[in-house]
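Coordinates from target07.cif are shown below (mmCIF, C-alpha atoms and all ligand atoms).
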```cif
data_input
#
loop_
_atom_site.label_atom_id
_atom_site.label_comp_id
_atom_site.auth_asym_id
_atom_site.auth_seq_id
_atom_site.Cartn_x
_atom_site.Cartn_y
_atom_site.Cartn_z
CA MET A 92 -54.30 -14.73 -10.04
CA SER A 93 -50.62 -14.88 -9.21
CA GLU A 94 -49.10 -15.74 -5.86
CA PRO A 95 -45.83 -14.68 -4.24
CA LEU A 96 -42.95 -16.90 -5.28
CA ILE A 97 -40.36 -15.06 -3.23
CA GLU A 98 -41.15 -13.56 0.12
CA VAL A 99 -38.67 -11.44 2.03
CA GLN A 100 -39.44 -10.77 5.68
CA GLY A 101 -37.62 -8.37 7.99
CA LEU A 102 -34.39 -8.63 6.03
CA TYR A 103 -31.33 -6.78 7.36
CA LYS A 104 -27.79 -6.86 6.02
CA LEU A 105 -24.95 -5.18 7.84
CA PHE A 106 -21.58 -5.56 6.09
CA GLY A 107 -18.45 -5.76 8.28
CA ASN A 108 -16.58 -8.02 10.67
CA GLU A 109 -19.03 -8.08 13.54
CA PRO A 110 -22.43 -7.30 12.12
CA LYS A 111 -24.48 -9.01 14.88
CA LYS A 112 -22.74 -6.97 17.55
CA HIS A 113 -23.77 -3.69 15.95
CA MET A 114 -27.30 -4.59 14.87
CA HIS A 115 -28.72 -2.85 17.94
CA LEU A 116 -27.61 0.47 16.42
CA VAL A 117 -29.62 -0.34 13.31
CA HIS A 118 -32.67 -1.14 15.43
CA GLU A 119 -32.17 2.06 17.40
CA GLY A 120 -32.64 3.89 14.11
CA LEU A 121 -29.15 5.26 13.43
CA SER A 122 -28.62 6.20 9.79
CA LYS A 123 -26.37 4.35 7.36
CA ASP A 124 -23.80 7.17 7.60
CA GLU A 125 -23.86 7.24 11.40
CA ILE A 126 -23.41 3.49 11.62
CA LEU A 127 -20.49 3.60 9.21
CA ALA A 128 -18.82 6.42 11.15
CA LYS A 129 -19.32 4.71 14.52
CA THR A 130 -18.51 1.10 13.62
CA GLY A 131 -17.00 0.90 10.14
CA HIS A 132 -19.93 -1.32 9.15
CA THR A 133 -22.03 -0.61 6.06
CA LEU A 134 -25.77 -0.95 6.27
CA GLY A 135 -26.68 -2.79 3.08
CA LEU A 136 -30.36 -3.49 3.73
CA LYS A 137 -32.75 -2.41 6.44
CA ASP A 138 -36.01 -4.14 7.28
CA ILE A 139 -36.95 -5.21 3.78
CA ASN A 140 -40.38 -6.77 3.41
CA LEU A 141 -41.20 -7.68 -0.13
CA LYS A 142 -43.26 -10.15 -2.11
CA ILE A 143 -42.26 -11.14 -5.62
CA GLN A 144 -45.17 -12.52 -7.61
CA LYS A 145 -44.85 -15.64 -9.69
CA GLY A 146 -44.79 -15.18 -13.46
CA GLU A 147 -44.21 -11.44 -13.42
CA ILE A 148 -41.32 -9.10 -14.12
CA SER A 149 -40.55 -7.37 -10.84
CA VAL A 150 -38.23 -4.41 -11.15
CA ILE A 151 -35.90 -3.23 -8.40
CA MET A 152 -34.73 0.36 -8.77
CA GLY A 153 -32.61 2.77 -6.82
CA LEU A 154 -29.49 4.87 -7.02
CA SER A 155 -26.03 3.34 -6.94
CA GLY A 156 -25.33 1.86 -3.51
CA SER A 157 -28.99 1.68 -2.52
CA GLY A 158 -28.82 -2.10 -2.03
CA LYS A 159 -30.30 -3.57 -5.22
CA SER A 160 -27.60 -6.16 -5.89
CA THR A 161 -27.34 -6.97 -2.21
CA LEU A 162 -31.06 -7.71 -2.12
CA ILE A 163 -31.19 -10.07 -5.08
CA ARG A 164 -27.99 -11.85 -4.04
CA HIS A 165 -29.88 -12.88 -0.94
CA PHE A 166 -32.39 -14.68 -3.15
CA ASN A 167 -29.85 -17.28 -4.28
CA ARG A 168 -27.86 -16.82 -1.09
CA LEU A 169 -24.72 -15.46 -2.60
CA ILE A 170 -25.12 -13.26 0.49
CA ASP A 171 -26.27 -14.40 3.93
CA PRO A 172 -28.67 -12.12 5.79
CA THR A 173 -27.72 -10.60 9.13
CA GLU A 174 -31.36 -10.91 10.15
CA GLY A 175 -34.55 -11.96 8.44
CA GLN A 176 -36.03 -14.58 6.19
CA ILE A 177 -36.10 -15.28 2.47
CA LEU A 178 -38.73 -17.76 1.39
CA VAL A 179 -38.52 -19.05 -2.17
CA ASP A 180 -41.50 -21.18 -3.09
CA GLY A 181 -42.06 -21.72 0.61
CA THR A 182 -38.47 -22.83 1.32
CA ASP A 183 -36.39 -20.75 3.71
CA VAL A 184 -33.16 -20.47 1.72
CA VAL A 185 -31.19 -19.62 4.85
CA ASN A 186 -31.79 -23.15 6.11
CA LEU A 187 -30.54 -24.97 3.00
CA ASN A 188 -27.44 -27.09 3.49
CA GLN A 189 -24.58 -26.93 1.00
CA ALA A 190 -25.87 -29.75 -1.23
CA GLU A 191 -29.40 -28.39 -1.23
CA LEU A 192 -28.12 -24.93 -1.99
CA GLU A 193 -26.20 -26.16 -5.01
CA GLN A 194 -29.27 -27.92 -6.37
CA PHE A 195 -31.30 -24.81 -5.74
CA ARG A 196 -28.84 -22.51 -7.54
CA ARG A 197 -28.55 -24.82 -10.54
CA HIS A 198 -32.20 -25.53 -11.07
CA LYS A 199 -34.35 -22.85 -9.47
CA MET A 200 -32.66 -19.60 -10.43
CA SER A 201 -30.35 -18.37 -13.10
CA MET A 202 -28.64 -15.05 -13.42
CA VAL A 203 -28.00 -12.71 -16.33
CA PHE A 204 -25.11 -10.36 -15.69
CA GLN A 205 -24.45 -6.78 -16.70
CA ARG A 206 -21.14 -7.60 -18.40
CA PHE A 207 -22.55 -10.75 -19.98
CA GLY A 208 -20.21 -13.05 -18.05
CA LEU A 209 -19.33 -15.19 -21.07
CA LEU A 210 -16.32 -17.48 -21.26
CA PRO A 211 -14.10 -15.88 -23.92
CA HIS A 212 -12.37 -19.04 -25.12
CA ARG A 213 -15.53 -21.06 -25.54
CA THR A 214 -17.85 -20.89 -28.52
CA VAL A 215 -21.27 -19.28 -28.40
CA LEU A 216 -22.78 -22.75 -28.31
CA ASP A 217 -20.64 -23.88 -25.36
CA ASN A 218 -21.44 -20.68 -23.54
CA ALA A 219 -25.16 -21.12 -24.08
CA ALA A 220 -24.92 -24.75 -22.94
CA PHE A 221 -22.83 -23.90 -19.90
CA GLY A 222 -25.63 -23.87 -17.32
CA LEU A 223 -26.83 -27.23 -18.60
CA SER A 224 -23.36 -28.76 -18.33
CA VAL A 225 -23.24 -27.57 -14.73
CA GLN A 226 -26.60 -29.26 -14.17
CA GLY A 227 -25.00 -32.49 -15.43
CA VAL A 228 -26.95 -32.68 -18.68
CA ARG A 229 -25.11 -34.81 -21.30
CA LYS A 230 -23.20 -32.83 -23.89
CA LYS A 231 -25.29 -33.87 -26.87
CA GLU A 232 -28.56 -32.95 -25.21
CA ALA A 233 -27.09 -29.76 -23.74
CA HIS A 234 -25.99 -28.69 -27.21
CA GLU A 235 -29.36 -29.49 -28.74
CA ARG A 236 -31.16 -27.44 -26.15
CA ALA A 237 -28.66 -24.59 -26.39
CA VAL A 238 -29.13 -24.47 -30.17
CA GLU A 239 -32.86 -24.07 -29.66
CA TRP A 240 -32.46 -21.23 -27.19
CA LEU A 241 -29.92 -19.46 -29.38
CA GLU A 242 -32.48 -19.71 -32.15
CA THR A 243 -35.16 -18.26 -29.85
CA VAL A 244 -33.08 -15.20 -28.98
CA GLY A 245 -32.26 -14.63 -32.65
CA LEU A 246 -28.74 -16.05 -32.76
CA GLY A 247 -29.27 -19.07 -34.97
CA GLY A 248 -26.14 -19.57 -37.10
CA TYR A 249 -23.75 -18.00 -34.58
CA GLU A 250 -23.10 -21.24 -32.67
CA ASN A 251 -19.45 -21.57 -33.64
CA GLN A 252 -18.45 -17.95 -33.20
CA TYR A 253 -16.58 -16.70 -30.12
CA PRO A 254 -17.96 -13.99 -27.82
CA SER A 255 -15.44 -11.39 -29.03
CA GLN A 256 -16.84 -11.76 -32.56
CA LEU A 257 -20.28 -10.65 -31.37
CA SER A 258 -21.72 -7.22 -30.65
CA GLY A 259 -22.71 -6.28 -27.11
CA GLY A 260 -26.36 -6.96 -27.79
CA GLN A 261 -25.57 -10.35 -29.28
CA GLN A 262 -23.34 -11.25 -26.33
CA GLN A 263 -26.14 -10.36 -23.97
CA ARG A 264 -28.47 -12.58 -25.99
CA VAL A 265 -26.05 -15.45 -25.41
CA GLY A 266 -26.21 -14.66 -21.69
CA LEU A 267 -29.98 -14.71 -21.88
CA ALA A 268 -30.03 -17.98 -23.84
CA ARG A 269 -27.70 -19.53 -21.26
CA ALA A 270 -29.99 -18.49 -18.42
CA LEU A 271 -33.15 -19.62 -20.21
CA ALA A 272 -31.66 -22.97 -21.27
CA THR A 273 -31.35 -24.11 -17.66
CA ASN A 274 -35.13 -24.00 -17.48
CA ALA A 275 -34.87 -22.22 -14.13
CA GLU A 276 -38.16 -20.76 -12.97
CA ILE A 277 -36.59 -17.56 -11.70
CA LEU A 278 -34.32 -15.22 -13.67
CA LEU A 279 -32.24 -12.69 -11.80
CA MET A 280 -31.16 -9.88 -14.09
CA ASP A 281 -28.81 -7.37 -12.48
CA GLU A 282 -28.47 -4.33 -14.76
CA ALA A 283 -28.55 -6.83 -17.59
CA PHE A 284 -29.12 -4.26 -20.32
CA SER A 285 -27.20 -1.32 -18.90
CA ALA A 286 -24.06 -1.89 -20.93
CA LEU A 287 -25.96 -1.82 -24.22
CA ASP A 288 -26.43 1.21 -26.43
CA PRO A 289 -29.95 2.67 -26.41
CA LEU A 290 -31.26 1.14 -29.63
CA ILE A 291 -30.04 -2.38 -28.85
CA ARG A 292 -31.20 -1.96 -25.28
CA SER A 293 -34.69 -1.15 -26.41
CA GLU A 294 -34.66 -4.19 -28.74
CA MET A 295 -33.60 -6.39 -25.85
CA GLN A 296 -36.41 -4.98 -23.71
CA ASP A 297 -38.93 -5.82 -26.42
CA GLN A 298 -37.50 -9.29 -26.75
CA LEU A 299 -37.64 -9.89 -23.01
CA VAL A 300 -41.28 -8.82 -22.88
CA GLU A 301 -42.06 -11.07 -25.84
CA LEU A 302 -40.27 -14.05 -24.30
CA GLN A 303 -41.97 -13.43 -20.99
CA GLU A 304 -45.39 -13.56 -22.62
CA LYS A 305 -44.56 -17.04 -23.84
CA LEU A 306 -42.53 -18.41 -20.94
CA HIS A 307 -44.12 -16.82 -17.84
CA LYS A 308 -40.87 -16.87 -15.88
CA THR A 309 -40.50 -14.99 -12.66
CA ILE A 310 -38.01 -12.27 -13.51
CA ILE A 311 -36.33 -9.95 -11.07
CA PHE A 312 -34.86 -7.12 -13.04
CA ILE A 313 -32.55 -4.50 -11.56
CA THR A 314 -32.18 -1.20 -13.33
CA HIS A 315 -31.20 2.43 -12.76
CA ASP A 316 -33.38 3.49 -15.60
CA LEU A 317 -36.98 4.44 -14.93
CA ASP A 318 -38.02 4.20 -18.56
CA GLU A 319 -36.75 0.64 -18.60
CA ALA A 320 -38.49 -0.06 -15.30
CA LEU A 321 -41.79 1.29 -16.64
CA ARG A 322 -41.46 -0.68 -19.82
CA LEU A 323 -40.72 -4.01 -18.18
CA GLY A 324 -42.09 -4.03 -14.66
CA SER A 325 -45.41 -5.37 -13.46
CA THR A 326 -44.28 -3.85 -10.19
CA ILE A 327 -41.42 -1.55 -9.28
CA ALA A 328 -39.70 -1.66 -5.88
CA ILE A 329 -37.61 1.39 -5.08
CA LEU A 330 -34.69 1.24 -2.64
CA LYS A 331 -32.95 4.14 -0.93
CA ASP A 332 -29.99 3.66 1.41
CA GLY A 333 -30.94 0.03 1.93
CA GLU A 334 -34.60 0.75 2.66
CA LEU A 335 -37.62 -0.06 0.55
CA VAL A 336 -39.38 3.25 -0.01
CA GLN A 337 -42.12 2.15 -2.38
CA ASP A 338 -43.28 -1.07 -3.99
CA ASP A 339 -46.14 -0.50 -6.36
CA LYS A 340 -47.55 -0.82 -9.81
CA PRO A 341 -45.78 1.45 -12.31
CA GLU A 342 -48.74 3.80 -12.68
CA GLU A 343 -48.94 4.28 -8.92
CA ILE A 344 -45.22 5.04 -8.77
CA LEU A 345 -45.77 7.67 -11.46
CA LEU A 346 -48.98 9.17 -10.18
CA ASN A 347 -48.46 8.76 -6.44
CA PRO A 348 -44.77 8.77 -5.55
CA ALA A 349 -44.48 7.89 -1.86
CA THR A 350 -41.55 10.14 -1.05
CA GLU A 351 -39.57 13.03 -2.52
CA TYR A 352 -36.89 10.55 -3.55
CA VAL A 353 -39.36 8.64 -5.69
CA GLU A 354 -40.79 11.88 -7.00
CA ALA A 355 -37.33 12.95 -8.13
CA PHE A 356 -37.07 9.69 -10.06
CA VAL A 357 -40.36 10.14 -11.86
CA ARG A 358 -40.30 13.89 -12.41
CA ASP A 359 -38.98 13.81 -15.95
CA VAL A 360 -40.89 10.83 -17.19
CA ASN A 361 -42.91 11.22 -20.33
CA ARG A 362 -46.25 10.18 -18.90
CA ALA A 363 -47.97 10.19 -22.25
CA ARG A 364 -45.62 7.41 -23.28
CA ALA A 365 -45.41 5.58 -19.97
CA LEU A 366 -49.09 5.32 -19.10
CA ASN A 367 -51.78 3.53 -21.01
CA VAL A 368 -55.48 4.25 -21.29
CA GLU A 369 -56.56 1.54 -18.88
CA THR A 370 -54.53 2.92 -15.99
CA VAL A 371 -56.11 6.38 -16.16
CA MET A 372 -59.59 5.81 -17.58
CA GLN A 373 -62.75 6.11 -15.54
CA PRO A 374 -64.14 2.56 -15.44
CA GLN A 375 -67.70 3.54 -14.56
CA THR A 376 -69.66 4.71 -17.56
CA PHE A 377 -73.30 5.44 -18.11
CA ARG A 378 -74.75 2.90 -20.51
CA ILE A 379 -77.95 3.16 -22.46
CA THR A 380 -79.31 -0.27 -23.19
CA SER A 381 -82.71 0.50 -24.71
CA GLU A 382 -83.21 -0.28 -28.38
CA THR A 383 -85.79 2.45 -28.97
CA ILE A 384 -85.36 6.19 -29.26
CA ALA A 385 -87.97 6.85 -26.56
CA GLY A 386 -86.40 4.35 -24.18
CA ALA A 387 -82.93 5.75 -24.74
CA LEU A 388 -84.15 9.31 -24.22
CA LYS A 389 -85.82 8.31 -20.99
CA GLN A 390 -82.58 6.78 -19.74
CA MET A 391 -80.61 9.79 -20.87
CA ARG A 392 -82.88 12.28 -19.11
CA ALA A 393 -82.54 10.36 -15.89
CA HIS A 394 -78.78 10.77 -16.08
CA LYS A 395 -76.79 13.82 -15.08
CA ASP A 396 -74.62 14.02 -18.20
CA ASP A 397 -75.81 14.87 -21.68
CA TYR A 398 -74.02 11.96 -23.34
CA ALA A 399 -74.01 8.21 -22.84
CA PHE A 400 -72.79 5.04 -24.50
CA HIS A 401 -75.15 2.70 -26.25
CA VAL A 402 -74.39 -0.86 -25.30
CA THR A 403 -76.29 -3.97 -26.42
CA ASP A 404 -75.66 -7.69 -26.04
CA ASP A 405 -73.20 -7.28 -28.91
CA GLY A 406 -71.14 -4.78 -26.97
CA TYR A 407 -70.44 -1.11 -27.55
CA GLN A 408 -72.46 0.46 -30.38
CA GLY A 409 -71.90 4.20 -30.31
CA THR A 410 -72.09 7.42 -28.34
CA LEU A 411 -75.46 9.14 -27.88
CA THR A 412 -76.09 12.75 -26.89
CA GLN A 413 -79.18 14.10 -25.22
CA GLU A 414 -79.57 16.73 -27.91
CA GLY A 415 -79.37 14.16 -30.67
CA LEU A 416 -81.93 11.93 -28.95
CA GLU A 417 -84.37 14.85 -28.37
CA GLU A 418 -84.22 15.62 -32.08
CA ALA A 419 -84.62 12.00 -33.09
CA TYR A 420 -87.59 11.68 -30.73
CA GLU A 421 -89.30 14.70 -32.28
CA GLU A 422 -88.89 13.21 -35.74
CA ASN A 423 -89.92 9.71 -34.85
CA ALA A 424 -91.25 9.08 -31.35
CA THR A 425 -91.69 5.34 -31.87
CA GLY A 426 -88.51 4.61 -33.85
CA LYS A 427 -85.66 2.29 -33.06
CA LEU A 428 -82.10 3.42 -32.41
CA THR A 429 -79.92 3.01 -35.46
CA GLU A 430 -76.41 3.93 -36.49
CA GLU A 431 -77.46 7.36 -37.71
CA HIS A 432 -78.25 8.36 -34.13
CA TYR A 433 -74.72 7.92 -32.91
CA ASP A 434 -72.88 11.13 -32.36
CA ASP A 435 -69.39 9.90 -32.84
CA VAL A 436 -67.45 6.84 -33.86
CA THR A 437 -64.25 7.59 -31.98
CA GLN A 438 -63.19 4.83 -29.64
CA ILE A 439 -59.88 4.00 -28.00
CA ALA A 440 -58.24 0.76 -26.88
CA PRO A 441 -57.45 0.09 -23.21
CA ASP A 442 -53.84 -0.87 -23.94
CA ALA A 443 -53.03 2.17 -26.10
CA ALA A 444 -50.39 4.55 -24.74
CA LEU A 445 -51.78 7.98 -23.91
CA GLU A 446 -49.64 9.60 -26.57
CA GLU A 447 -51.36 7.50 -29.24
CA ILE A 448 -54.86 8.62 -28.29
CA LEU A 449 -54.05 12.20 -27.32
CA PRO A 450 -55.31 13.97 -30.49
CA GLU A 451 -58.71 12.29 -30.71
CA THR A 452 -59.35 12.47 -26.98
CA ILE A 453 -58.38 16.11 -26.62
CA SER A 454 -60.53 17.14 -29.59
CA ALA A 455 -63.61 15.10 -28.59
CA ASP A 456 -66.72 16.90 -27.32
CA HIS A 457 -67.43 14.14 -24.80
CA PRO A 458 -65.34 11.57 -22.97
CA VAL A 459 -64.34 8.90 -25.44
CA PRO A 460 -65.35 5.28 -24.91
CA VAL A 461 -62.64 2.73 -24.13
CA VAL A 462 -63.47 -0.44 -26.02
CA ASN A 463 -61.46 -3.66 -25.96
CA GLU A 464 -60.76 -6.06 -28.81
CA GLU A 465 -63.95 -8.00 -28.08
CA GLY A 466 -65.98 -4.82 -28.57
CA GLU A 467 -66.80 -4.48 -24.87
CA LEU A 468 -67.01 -1.09 -23.23
CA GLN A 469 -64.35 -0.90 -20.51
CA GLY A 470 -64.64 2.71 -19.42
CA GLU A 471 -64.29 6.25 -20.64
CA LEU A 472 -61.57 8.85 -20.82
CA SER A 473 -62.36 12.55 -20.64
CA ARG A 474 -60.32 15.37 -22.01
CA ASP A 475 -60.05 16.86 -18.50
CA ALA A 476 -58.83 13.64 -16.92
CA LEU A 477 -56.23 13.29 -19.64
CA ALA A 478 -55.03 16.87 -19.29
CA GLU A 479 -54.85 16.44 -15.53
CA ILE A 480 -52.71 13.31 -15.74
CA LEU A 481 -50.36 14.90 -18.24
CA SER A 482 -49.92 18.17 -16.39
CA PRO A 483 -46.67 18.24 -14.45
CA GLU A 484 -48.29 19.15 -11.11
CA SER A 485 -50.70 16.26 -11.08
CA SER A 486 -48.57 13.98 -8.89
CA ASP A 487 -49.72 16.19 -5.99
CA ASN A 488 -53.30 15.45 -6.85
CA MET A 489 -55.43 12.41 -6.25
CA SER A 490 -54.50 9.08 -7.76
CA ALA A 491 -56.44 7.72 -10.69
CA THR A 492 -58.27 5.29 -8.42
CA GLU A 493 -59.19 7.99 -5.93
CA GLN A 494 -60.56 10.14 -8.72
CA VAL A 495 -62.79 7.29 -9.78
CA ASP A 496 -64.07 6.79 -6.26
CA ALA A 497 -64.76 10.49 -5.87
CA LYS A 498 -66.88 10.74 -8.97
CA GLU A 499 -70.53 10.08 -8.32
CA PRO A 500 -71.92 7.38 -10.52
CA THR A 501 -75.38 8.84 -11.09
CA ASP A 502 -77.55 11.81 -10.37
CA LYS A 503 -81.27 11.88 -9.67
CA LYS A 504 -82.48 14.38 -12.21
CA SER A 505 -85.18 12.15 -13.56
CA ALA A 506 -87.89 13.22 -15.97
CA GLU A 507 -90.20 11.29 -18.25
CA PRO A 508 -90.04 11.96 -21.98
CA ALA A 509 -93.02 13.98 -23.20
N1 LIG B 1 -19.22 -7.08 0.21
C1 LIG B 1 -19.51 -5.88 0.72
N2 LIG B 1 -18.83 -5.40 1.78
C2 LIG B 1 -19.10 -4.19 2.30
N3 LIG B 1 -20.07 -3.39 1.84
C3 LIG B 1 -20.78 -3.80 0.80
C4 LIG B 1 -20.55 -5.06 0.16
N4 LIG B 1 -21.42 -5.20 -0.86
C5 LIG B 1 -22.16 -4.09 -0.86
N5 LIG B 1 -21.81 -3.24 0.11
C6 LIG B 1 -22.41 -1.94 0.44
O1 LIG B 1 -23.82 -2.12 0.51
C7 LIG B 1 -24.49 -1.04 -0.07
C8 LIG B 1 -25.37 -1.56 -1.18
O2 LIG B 1 -24.57 -2.04 -2.26
P1 LIG B 1 -25.17 -2.69 -3.57
O3 LIG B 1 -24.04 -3.23 -4.34
O4 LIG B 1 -26.25 -3.62 -3.17
O5 LIG B 1 -25.80 -1.43 -4.28
P2 LIG B 1 -26.53 -1.34 -5.70
O6 LIG B 1 -27.83 -0.70 -5.44
O7 LIG B 1 -26.52 -2.65 -6.36
O8 LIG B 1 -25.60 -0.29 -6.46
P3 LIG B 1 -25.17 -0.23 -8.02
O9 LIG B 1 -26.33 0.39 -8.72
O10 LIG B 1 -23.99 0.67 -8.02
O11 LIG B 1 -24.88 -1.62 -8.48
C9 LIG B 1 -23.42 -0.08 -0.56
O12 LIG B 1 -23.27 0.94 0.39
C10 LIG B 1 -22.17 -0.94 -0.66
O13 LIG B 1 -21.03 -0.17 -0.37
MG MG B 2 -25.63 -3.39 -8.11
#
```

Rewrite the structure of this file - the entire thing - as structure tokens.
Ligand SMILES: Nc1ncnc2c1ncn2[C@@H]1O[C@H](COP(=O)(O)OP(=O)(O)OP(=O)(O)O)[C@@H](O)[C@H]1O
Ligand SMILES: [Mg+2]
Amino acid sequence: MSEPLIEVQGLYKLFGNEPKKHMHLVHEGLSKDEILAKTGHTLGLKDINLKIQKGEISVIMGLSGSGKSTLIRHFNRLIDPTEGQILVDGTDVVNLNQAELEQFRRHKMSMVFQRFGLLPHRTVLDNAAFGLSVQGVRKKEAHERAVEWLETVGLGGYENQYPSQLSGGQQQRVGLARALATNAEILLMDEAFSALDPLIRSEMQDQLVELQEKLHKTIIFITHDLDEALRLGSTIAILKDGELVQDDKPEEILLNPATEYVEAFVRDVNRARALNVETVMQPQTFRITSETIAGALKQMRAHKDDYAFHVTDDGYQGTLTQEGLEEAYEENATGKLTEEHYDDVTQIAPDAALEEILPETISADHPVPVVNEEGELQGELSRDALAEILSPESSDNMSATEQVDAKEPTDKKSAEPA
């Protein structure tokens, strides 16, 4: 289980000459516009409380001017707060002295910029090694490490080129290699992929996810783009006018937007692509464990539905229907359950996107079993639940978790087989 690596508490930022003097207006609840009109000060952030988990990609989203850059620049103290605390790994960064702060910036965090931020007159290799040079690593070692990271991001062979000889995507890979080479635990990525064209951008997203699976960095990723946020984020924090309006898992943002502002963001999202089976399935399923036809029928009759999943010590075996079991029982009242008794072989994977499993789930007579790679039954997904999630009105309805809680696990309609 992960733990918060960065913790922001009661953070306020008022930009202007005398921010402290006017903070009382912020606390009195005046709006950003009112404060600007009255004092000429801009409210950058208001009462931000946020935990960033270690080893995850945390996305920060919001319209232009909502405070995203201001927030993450507090993390490495490029900006000082007007009020509040920023704890990084338990250290209050506001209390660091100049020397400590320099150490902290060089070793703890590195930044990837929107416009790549490369030095034009230095080679790709020198650019990638730049953060290491700043850390005081000897040139030979810095170059060796930079070569490795360039290799990792797919730029092996480009070491002696200059930034202008590279495409946008390649330049951004140099920026990424430079940030990764410093071995900093935390990567701050402010609109890092926004300047790239869609195809390259999507490649970079894939690469970041792939790297993250290996490296387990803590990545704070700012974006305007919800699709990008959904693709990358373990959590998504949404800012509006300097306030945090929602900080949630992506599926909760999609299914339960906290405010109209968030809803406007998520309205046009292709849910079938953005959500996977696991986030919308019903985890409770009725399992038949008996190995005999009579035993299975007895379990089935005691259950409210007319289908169930046969599960043994070896995991999920197949779907049984009451009708099928009644017939099998009539033919052979003392027989064992075998493959021929299973109604259907359809099964879906928990990590599949909804769009991948749409046809087989919509056409199935019963909810389809969700089975993981180990062959274990994880839950079920019904045609109705799927249709509900994919219908445009469903954000007004209950969340996936609430739906699960509302569904009764069993029913007492018990009867013995004849
Ligand atoms: N140095 C500054 N002085 C005065 N106001 C500032 C300063 N930096 C930011 N602001 C104001 O703070 C608010 C938040 O700005 P910020 O740059 O954090 O927004 P953002 O969400 O990163 O926007 P974008 O998506 O356009 O990058 C804005 O209203 C901006 O005008
Ligand atoms: Mg910004």

Expressed in Å to a single decimal, how great is the separation between CA of Val244 in chain A and CA of Lys231 in chain A?
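CA of Val244 in chain A sits 20.3 Å away from CA of Lys231 in chain A.
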
Report the closest atom pair, with its distance in Å rounded to one decimal, for each residue of chain A that has an atom no farther than 10 Å from ligand MG 2 (chain B); count all atoms listed in the file, sort by chain and then rising residue number, and write it as CSV.
```
residue,atom,partner,partner_atom,distance
A:Met152,CA,B:MG2,MG,9.9
A:Gly153,CA,B:MG2,MG,9.4
A:Leu154,CA,B:MG2,MG,9.2
A:Ser155,CA,B:MG2,MG,6.8
A:Gly156,CA,B:MG2,MG,7.0
A:Ser157,CA,B:MG2,MG,8.3
A:Gly158,CA,B:MG2,MG,7.0
A:Lys159,CA,B:MG2,MG,5.5
A:Ser160,CA,B:MG2,MG,4.1
A:Thr161,CA,B:MG2,MG,7.1
A:Leu162,CA,B:MG2,MG,9.2
A:Ile163,CA,B:MG2,MG,9.2
A:Arg164,CA,B:MG2,MG,9.7
A:Gln205,CA,B:MG2,MG,9.3
A:Asp281,CA,B:MG2,MG,6.7
A:Glu282,CA,B:MG2,MG,7.3
A:Ile313,CA,B:MG2,MG,7.8
A:Thr314,CA,B:MG2,MG,8.7
A:His315,CA,B:MG2,MG,9.3
```

So that I have them on file, write out the residues from the current selection with C-alpha atoms, as a tab-separated table (two decimals), in the coordinates of the input.
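Just written: part_3.tsv:
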```tsv
chain	number	residue	atom	x	y	z
A	152	MET	CA	-34.73	0.36	-8.77
A	153	GLY	CA	-32.61	2.77	-6.82
A	154	LEU	CA	-29.49	4.87	-7.02
A	155	SER	CA	-26.03	3.34	-6.94
A	156	GLY	CA	-25.33	1.86	-3.51
A	157	SER	CA	-28.99	1.68	-2.52
A	158	GLY	CA	-28.82	-2.10	-2.03
A	159	LYS	CA	-30.30	-3.57	-5.22
A	160	SER	CA	-27.60	-6.16	-5.89
A	161	THR	CA	-27.34	-6.97	-2.21
A	162	LEU	CA	-31.06	-7.71	-2.12
A	163	ILE	CA	-31.19	-10.07	-5.08
A	164	ARG	CA	-27.99	-11.85	-4.04
A	205	GLN	CA	-24.45	-6.78	-16.70
A	281	ASP	CA	-28.81	-7.37	-12.48
A	282	GLU	CA	-28.47	-4.33	-14.76
A	313	ILE	CA	-32.55	-4.50	-11.56
A	314	THR	CA	-32.18	-1.20	-13.33
A	315	HIS	CA	-31.20	2.43	-12.76
```

Rounded to one decimal in Å, what is the spacing between CA of Ile126 in chain A and CA of Ile170 in chain A?
20.2 Å

Box for range 99-110 of chain A - axis-aligned, 6 Å on each of the six sides, all listed atoms - centre and size in Å to one decimal, as AutoDock Vina command-line options.
```
--center_x -28.0 --center_y -8.3 --center_z 7.8 --size_x 34.9 --size_y 18.3 --size_z 23.5
```

Just how far from CA of Asp316 in chain A is CA of Lys340 in chain A, in Å to one decimal?
15.9 Å

Which residue, A:Ala424, A:Arg474, A:Glu464, A:Ile329, has the smallest gap to Ile448 in chain A when you use only C-alpha atoms?
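Closest to Ile448 in chain A of all the choices is A:Arg474.
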
Do you know which residues lie at most 12 Å from (-45.7, -16.7, -13.6), with coordinates as in the file and only C-alpha atoms counted, and could you write them as a short mmCIF file (atom, residue, chain, number, x, y, z; two decimals) with C-alpha atoms, keeping the file's coordinate frame?
```cif
data_model
loop_
_atom_site.label_atom_id
_atom_site.label_comp_id
_atom_site.auth_asym_id
_atom_site.auth_seq_id
_atom_site.Cartn_x
_atom_site.Cartn_y
_atom_site.Cartn_z
CA MET A 92 -54.30 -14.73 -10.04
CA SER A 93 -50.62 -14.88 -9.21
CA GLU A 94 -49.10 -15.74 -5.86
CA PRO A 95 -45.83 -14.68 -4.24
CA LEU A 96 -42.95 -16.90 -5.28
CA ILE A 97 -40.36 -15.06 -3.23
CA ILE A 143 -42.26 -11.14 -5.62
CA GLN A 144 -45.17 -12.52 -7.61
CA LYS A 145 -44.85 -15.64 -9.69
CA GLY A 146 -44.79 -15.18 -13.46
CA GLU A 147 -44.21 -11.44 -13.42
CA ILE A 148 -41.32 -9.10 -14.12
CA SER A 149 -40.55 -7.37 -10.84
CA GLU A 276 -38.16 -20.76 -12.97
CA ILE A 277 -36.59 -17.56 -11.70
CA LEU A 278 -34.32 -15.22 -13.67
CA GLN A 303 -41.97 -13.43 -20.99
CA GLU A 304 -45.39 -13.56 -22.62
CA LYS A 305 -44.56 -17.04 -23.84
CA LEU A 306 -42.53 -18.41 -20.94
CA HIS A 307 -44.12 -16.82 -17.84
CA LYS A 308 -40.87 -16.87 -15.88
CA THR A 309 -40.50 -14.99 -12.66
CA ILE A 310 -38.01 -12.27 -13.51
CA ILE A 311 -36.33 -9.95 -11.07
CA SER A 325 -45.41 -5.37 -13.46
#
```
